[in-house]
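**Student:** Dumping the structure here so I can ask a few things about it.
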Amino acid sequence: MRHSKEKTALIGGTVKRGFEGVREAFVRNFERLGETGAACAVYWRGEKVVDLWGGYADPARRIPWEEHTLVPVFSSTKGFAALCAAVAHSRGWFGYDDPVTRYWPEFGKHGKERITIRQLLSHQAGLCALDGLELRRYADLDTANVAGRLAEMKPEWEPGSAHGYHTWTIGWFIGELLRRTDPRGRSLGRLLQEEICAPLQAEFYIGLPDEVPDSRLAKVRGIDSPLDLLFHLHEIPKALFAGFLNPRSLTSRSMVDRKRLVANANFNDRDMLSIEFPSGNGIGEARAMAQIYGEFATGGEKLGLAASTLKELCRPAEPPASGWFDRVNRVDLGYSLGLWKPIPERMFGSSLHAFGHPGAGGSFCFADPDLGMGYAYVLNRISGYMDRNPRENAVRCAVYDCLKSSREEE
């Protein structure tokens with residue numbers, strides 16, 4: 001009991017009146033569900049109504065999670081890369097139904113000539129396999145070093161006929177598209193800072209600046225060995241795990257990095273965090289992530305977003321010809337414009353209009369435009385979950401319970 005009290009005492013932050021249930025769920029994660037370090041935030045109708053953090057930023061050294069702790073969010077990064085693409089679309093730099101080759105002529109080979117930006121961002125292009133890119137060092141994860149190899153890739157299926165999670169490649173494709181269409185030729189990380197983070201004063205990075213001190217960085221602990229994996233088998237869908245075990249499967253070829261450059265432990269390395277790897281090494285504050293999605297959920301006035309772009313983001317996902325089955329993740333999923341979308345088999349948000357992205361182990365950031373809500377839950381105990389981490393789920397359910405009660409009282 002003393003151990004639980006000690007962890008509870010490490011909870012910091014505030015909730016607005018009516019959102020006390022979120023704090024209670026957050027505390028329970030530490031007392032009953034084994035959370036080690038986490039933060040969550042909610043923006044509703046432009047106002048911050050939840051801003052909580054707790055546990056340890058560095059469990060091994062018992063360093064508490066503090067108000068301005070930054071944490072890597074793995075694949076939740078892809079959502080912010082997609083929001084950068086949405087800003088570019090809003091500026092008129094490209095149309096989602098334009099062919100990629102209009103802006104990137106070298107892309108048009110090996111059957112890729114007619115792939116549209118919409119298909120590419122919706123994981124329908126078949127360009128997911130990592131095994132042919134020959135990555136050997138962190139610098140190879142940088143968009144500038146891999147762009148030529150991306151153009152040489154061959155689709156794994158007829159583009160548009162199916163979808164499969166472009167686990168590591170989608171961020172590079174978005175980054176190269178933005179570099180080629182931005183009149184100033186900025187990298188994705190720089191565009192993120194100048195077009196989204198600066199106007200909102202939100203601290204989130206894809207490419208960590210040198211001036212950020214190590215003392216602000218949470219240390220992540222994930223599945224880094226076969227022994228670790230044994231403790232997380234119940235968290236991984238059986239079909240997905242079977243794909244991991246077969247080195248010839250599309251799952252393995254798309255997700256398993258043979259050089260282990262993207263092993264969980266490497267995200268504690270500043271050399272890794274300093275590069276622009278928009279598929280996975282975003283790092284920031286939970287409140288910043290919720291604020292960014294909250295801005296998109298409420299019209300994007302501060303970012304100058306076009307109504308046509310917001311309409312595109314809110315559109316329900318449309319399955320490719322073969323249906324919702326993801327050939328890489330081996331479950332039914334919905335994608336649109338680089339973002340996860342709810343489908344009846346896998347819901348989040350209050351309707352099919354929601355959009356966002358989970359990250360390895362259970363982080364989740366998304367917008368609920370029907371409610372004008374931006375949400376983020378981030379953590380440093382990385383497990384096998386995608387979007388069904390029971391700790392994040394419990395907090396998310398509490399958020400919606402509180403939102404329902406608050407709206408009923410209006």
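Chain lettering (A, B, ...) mirrors the order of the structure tokens, residue numbering begins at 1 for each chain separately, and ligand numbering begins at 1 in order of display.
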Find the spatial neighbours of Met153 (chain A), counting only C-alpha atoms, within a cut-off of 8 Å - ignore same-chain residues fewer than 4 positions away - and output them as a list of chain:residue names.
**Tutor:**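 These residues fall inside the cut-off: A:His110, A:Leu127, A:Gly132, A:Arg149.
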**Student:** Neighbours of Arg190 (chain A) within 10 Å (only C-alpha atoms; same-chain residues fewer than 4 positions away dropped), as a ChimeraX atom specification?
**Tutor:** /A:185-186,194-197,205-207,276
**Student:** Take the selection from the previous step and output its residues with C-alpha atoms, as a compact mmCIF listing (two decimals), in the first residue's frame.
**Tutor:**
# COMPACT_ATOMS: atom_id res chain seq x y z
CA GLY A 185 11.82 23.84 -49.78
CA ARG A 186 11.69 23.25 -46.02
CA GLU A 194 7.17 27.19 -38.36
CA GLU A 195 3.64 26.42 -39.58
CA ILE A 196 2.13 24.57 -36.60
CA CYS A 197 4.15 24.68 -33.38
CA TYR A 205 9.70 18.17 -32.42
CA ILE A 206 10.58 15.86 -35.27
CA GLY A 207 14.31 16.36 -34.95
CA GLU A 276 14.12 13.98 -38.84
**Student:** For a quick check of understanding, using only C-alpha atoms, which of A:Glu158, A:Asp131, A:Asp140, A:Asp97 has the smallest distance to Arg248 (chain A)?
**Tutor:**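 Among the listed residues, the smallest separation from Arg248 (chain A) belongs to A:Asp131.
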**Student:** Run DSSP on the backbone and grab whatever in region 215-358 of chain A lands in strand (DSSP E); send it over as a list in words.
**Tutor:** Gly282, Ile283, Gly284, Gly334, Tyr335, Ser336, Leu339, Trp340, Lys341, Phe355, Gly356, His357 and Pro358 of chain A
**Student:** Could you write those residues out with C-alpha atoms, as a tab-separated table (two decimals), in the first residue's frame?
**Tutor:**
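Output (again-v3.tsv):
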chain	number	residue	atom	x	y	z
A	282	GLY	CA	8.67	12.73	-32.68
A	283	ILE	CA	9.11	13.96	-29.12
A	284	GLY	CA	7.22	16.54	-27.13
A	334	GLY	CA	-9.03	2.54	-41.57
A	335	TYR	CA	-6.60	5.07	-43.04
A	336	SER	CA	-6.98	8.43	-44.73
A	339	LEU	CA	-4.00	9.36	-40.36
A	340	TRP	CA	-5.87	6.56	-38.63
A	341	LYS	CA	-9.62	6.83	-39.02
A	355	PHE	CA	-8.64	11.38	-36.98
A	356	GLY	CA	-5.32	10.77	-35.27
A	357	HIS	CA	-2.61	8.17	-34.77
A	358	PRO	CA	-1.48	5.73	-32.06
**Student:** Could you find all residues in region 156-334 of chain A that DSSP calls helix (DSSP H, G or I) from the backbone, and write them as a ChimeraX atom specification?
**Tutor:** /A:169-181,188-200,214-216,226-230,233-235,238-245,250-255,264-268,270-274,286-297,301-303,307-314
**Student:** Excluding Arg327 (chain A) and any residue of its chain fewer than 2 positions from it, enumerate the residues within 8 Å of it, using only C-alpha atoms, and give them as a list in words.
**Tutor:**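 Final neighbour list, sorted by chain and number: Ala162, His163, Gly164, Tyr165, Leu250, Thr251, Phe325, Asn329, Arg330 and Val331 of chain A.
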**Student:** How many Å separate CA of Met272 (chain A) from CA of Arg137 (chain A)?
**Tutor:**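 Between CA of Met272 (chain A) and CA of Arg137 (chain A) the gap is 9.6 Å.
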**Student:** Find the residues of region 66-157 of chain A that sit at most 10 Å from region 295-300 of chain A; for each, write down the nearest two atoms and how far apart they are in Å, to one decimal. Count only C-alpha atoms. Sort by chain, then by number going up, and give it as a Markdown table.
**Tutor:**
| residue | atom | partner | partner_atom | distance |
| --- | --- | --- | --- | --- |
| A:Leu83 | CA | A:Phe296 | CA | 8.6 |
| A:Ala86 | CA | A:Phe296 | CA | 9.8 |
| A:Val87 | CA | A:Gly300 | CA | 9.6 |
**Student:** Go ahead and dump the residues you just picked, N, CA, C and O atoms, as a PDB file, in the first residue's frame.
**Tutor:**
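This is the output file again.pdb:
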ATOM      1  N   LEU A  83      -0.483  15.940 -40.432  1.00  0.00           N
ATOM      2  CA  LEU A  83      -1.049  17.277 -40.218  1.00  0.00           C
ATOM      3  C   LEU A  83      -0.221  18.338 -40.941  1.00  0.00           C
ATOM      4  O   LEU A  83      -0.771  19.338 -41.420  1.00  0.00           O
ATOM      5  N   ALA A  86      -1.463  18.273 -44.312  1.00  0.00           N
ATOM      6  CA  ALA A  86      -2.746  18.959 -44.374  1.00  0.00           C
ATOM      7  C   ALA A  86      -2.550  20.478 -44.473  1.00  0.00           C
ATOM      8  O   ALA A  86      -3.281  21.168 -45.203  1.00  0.00           O
ATOM      9  N   VAL A  87      -1.574  20.996 -43.750  1.00  0.00           N
ATOM     10  CA  VAL A  87      -1.266  22.431 -43.848  1.00  0.00           C
ATOM     11  C   VAL A  87      -0.823  22.762 -45.273  1.00  0.00           C
ATOM     12  O   VAL A  87      -1.244  23.769 -45.856  1.00  0.00           O
TER      13      VAL A  87
END
**Student:** For Leu208 (chain A), which residue among A:Arg381, A:Arg270, A:Arg118, A:His89 is the nearest when counting only C-alpha atoms?
**Tutor:**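 Answer, going by the shortest atom-to-atom distance: A:Arg270.
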**Student:** Can I get the residues of region 224-308 of chain A within 12 Å of region 50-74 of chain A, each with the closest pair of atoms and their distance in Å to one decimal, using only C-alpha atoms, sorted chain first then ascending number, as JSON lines?
**Tutor:**
{"residue": "A:Val262", "atom": "CA", "partner": "A:Phe74", "partner_atom": "CA", "distance": 9.5}
{"residue": "A:Ala263", "atom": "CA", "partner": "A:Phe74", "partner_atom": "CA", "distance": 10.6}
{"residue": "A:Asn264", "atom": "CA", "partner": "A:Phe74", "partner_atom": "CA", "distance": 8.8}
{"residue": "A:Ala265", "atom": "CA", "partner": "A:Pro72", "partner_atom": "CA", "distance": 11.1}
{"residue": "A:Asn266", "atom": "CA", "partner": "A:Pro72", "partner_atom": "CA", "distance": 10.8}
{"residue": "A:Phe267", "atom": "CA", "partner": "A:Pro72", "partner_atom": "CA", "distance": 7.0}
{"residue": "A:Asn268", "atom": "CA", "partner": "A:Pro72", "partner_atom": "CA", "distance": 8.5}
{"residue": "A:Asp269", "atom": "CA", "partner": "A:Pro72", "partner_atom": "CA", "distance": 10.9}
{"residue": "A:Arg270", "atom": "CA", "partner": "A:Pro72", "partner_atom": "CA", "distance": 11.2}
{"residue": "A:Met272", "atom": "CA", "partner": "A:Pro72", "partner_atom": "CA", "distance": 10.8}
{"residue": "A:Leu273", "atom": "CA", "partner": "A:Pro72", "partner_atom": "CA", "distance": 8.3}
{"residue": "A:Ser274", "atom": "CA", "partner": "A:Pro72", "partner_atom": "CA", "distance": 11.6}
{"residue": "A:Phe277", "atom": "CA", "partner": "A:Phe74", "partner_atom": "CA", "distance": 9.9}
{"residue": "A:Pro278", "atom": "CA", "partner": "A:Phe74", "partner_atom": "CA", "distance": 9.2}
{"residue": "A:Ser279", "atom": "CA", "partner": "A:Phe74", "partner_atom": "CA", "distance": 7.4}
{"residue": "A:Gly280", "atom": "CA", "partner": "A:Phe74", "partner_atom": "CA", "distance": 4.2}
{"residue": "A:Asn281", "atom": "CA", "partner": "A:Phe74", "partner_atom": "CA", "distance": 5.5}
{"residue": "A:Gly282", "atom": "CA", "partner": "A:Pro72", "partner_atom": "CA", "distance": 5.7}
{"residue": "A:Ile283", "atom": "CA", "partner": "A:Pro72", "partner_atom": "CA", "distance": 4.1}
{"residue": "A:Gly284", "atom": "CA", "partner": "A:Leu70", "partner_atom": "CA", "distance": 4.5}
{"residue": "A:Glu285", "atom": "CA", "partner": "A:Leu70", "partner_atom": "CA", "distance": 5.0}
{"residue": "A:Ala286", "atom": "CA", "partner": "A:Leu70", "partner_atom": "CA", "distance": 7.8}
{"residue": "A:Arg287", "atom": "CA", "partner": "A:Asp51", "partner_atom": "CA", "distance": 6.5}
{"residue": "A:Ala288", "atom": "CA", "partner": "A:Leu70", "partner_atom": "CA", "distance": 10.0}
{"residue": "A:Met289", "atom": "CA", "partner": "A:Val73", "partner_atom": "CA", "distance": 10.1}
{"residue": "A:Ala290", "atom": "CA", "partner": "A:Asp51", "partner_atom": "CA", "distance": 9.5}
{"residue": "A:Gln291", "atom": "CA", "partner": "A:Asp51", "partner_atom": "CA", "distance": 10.6}
**Student:** What lies within 8 Å of Lys112 (chain A) using only C-alpha atoms, ignoring chain neighbours under 2 positions off, as a PyMOL selection string?
**Tutor:** chain A and resi 107-110+114-115+125+154-155+159
**Student:** How many Å lie between CA of Ala41 (chain A) and CA of Ala307 (chain A), rounded to one decimal?
**Tutor:** 25.8 Å
**Student:** Just checking: using only C-alpha atoms, which residue out of A:Leu33, A:Leu217, A:Ala151, A:Ala88 ends up closest to Thr101 (chain A)?
**Tutor:**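 Counting only C-alpha atoms, the residue closest to Thr101 (chain A) is A:Ala151.
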**Student:** Restricting the calculation to only C-alpha atoms: of A:Cys128, A:Ala198, A:Leu261, A:Met373, which residue gets closest to His353 (chain A)?
**Tutor:**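 When distances to His353 (chain A) are compared using only C-alpha atoms, the smallest one comes from A:Met373.
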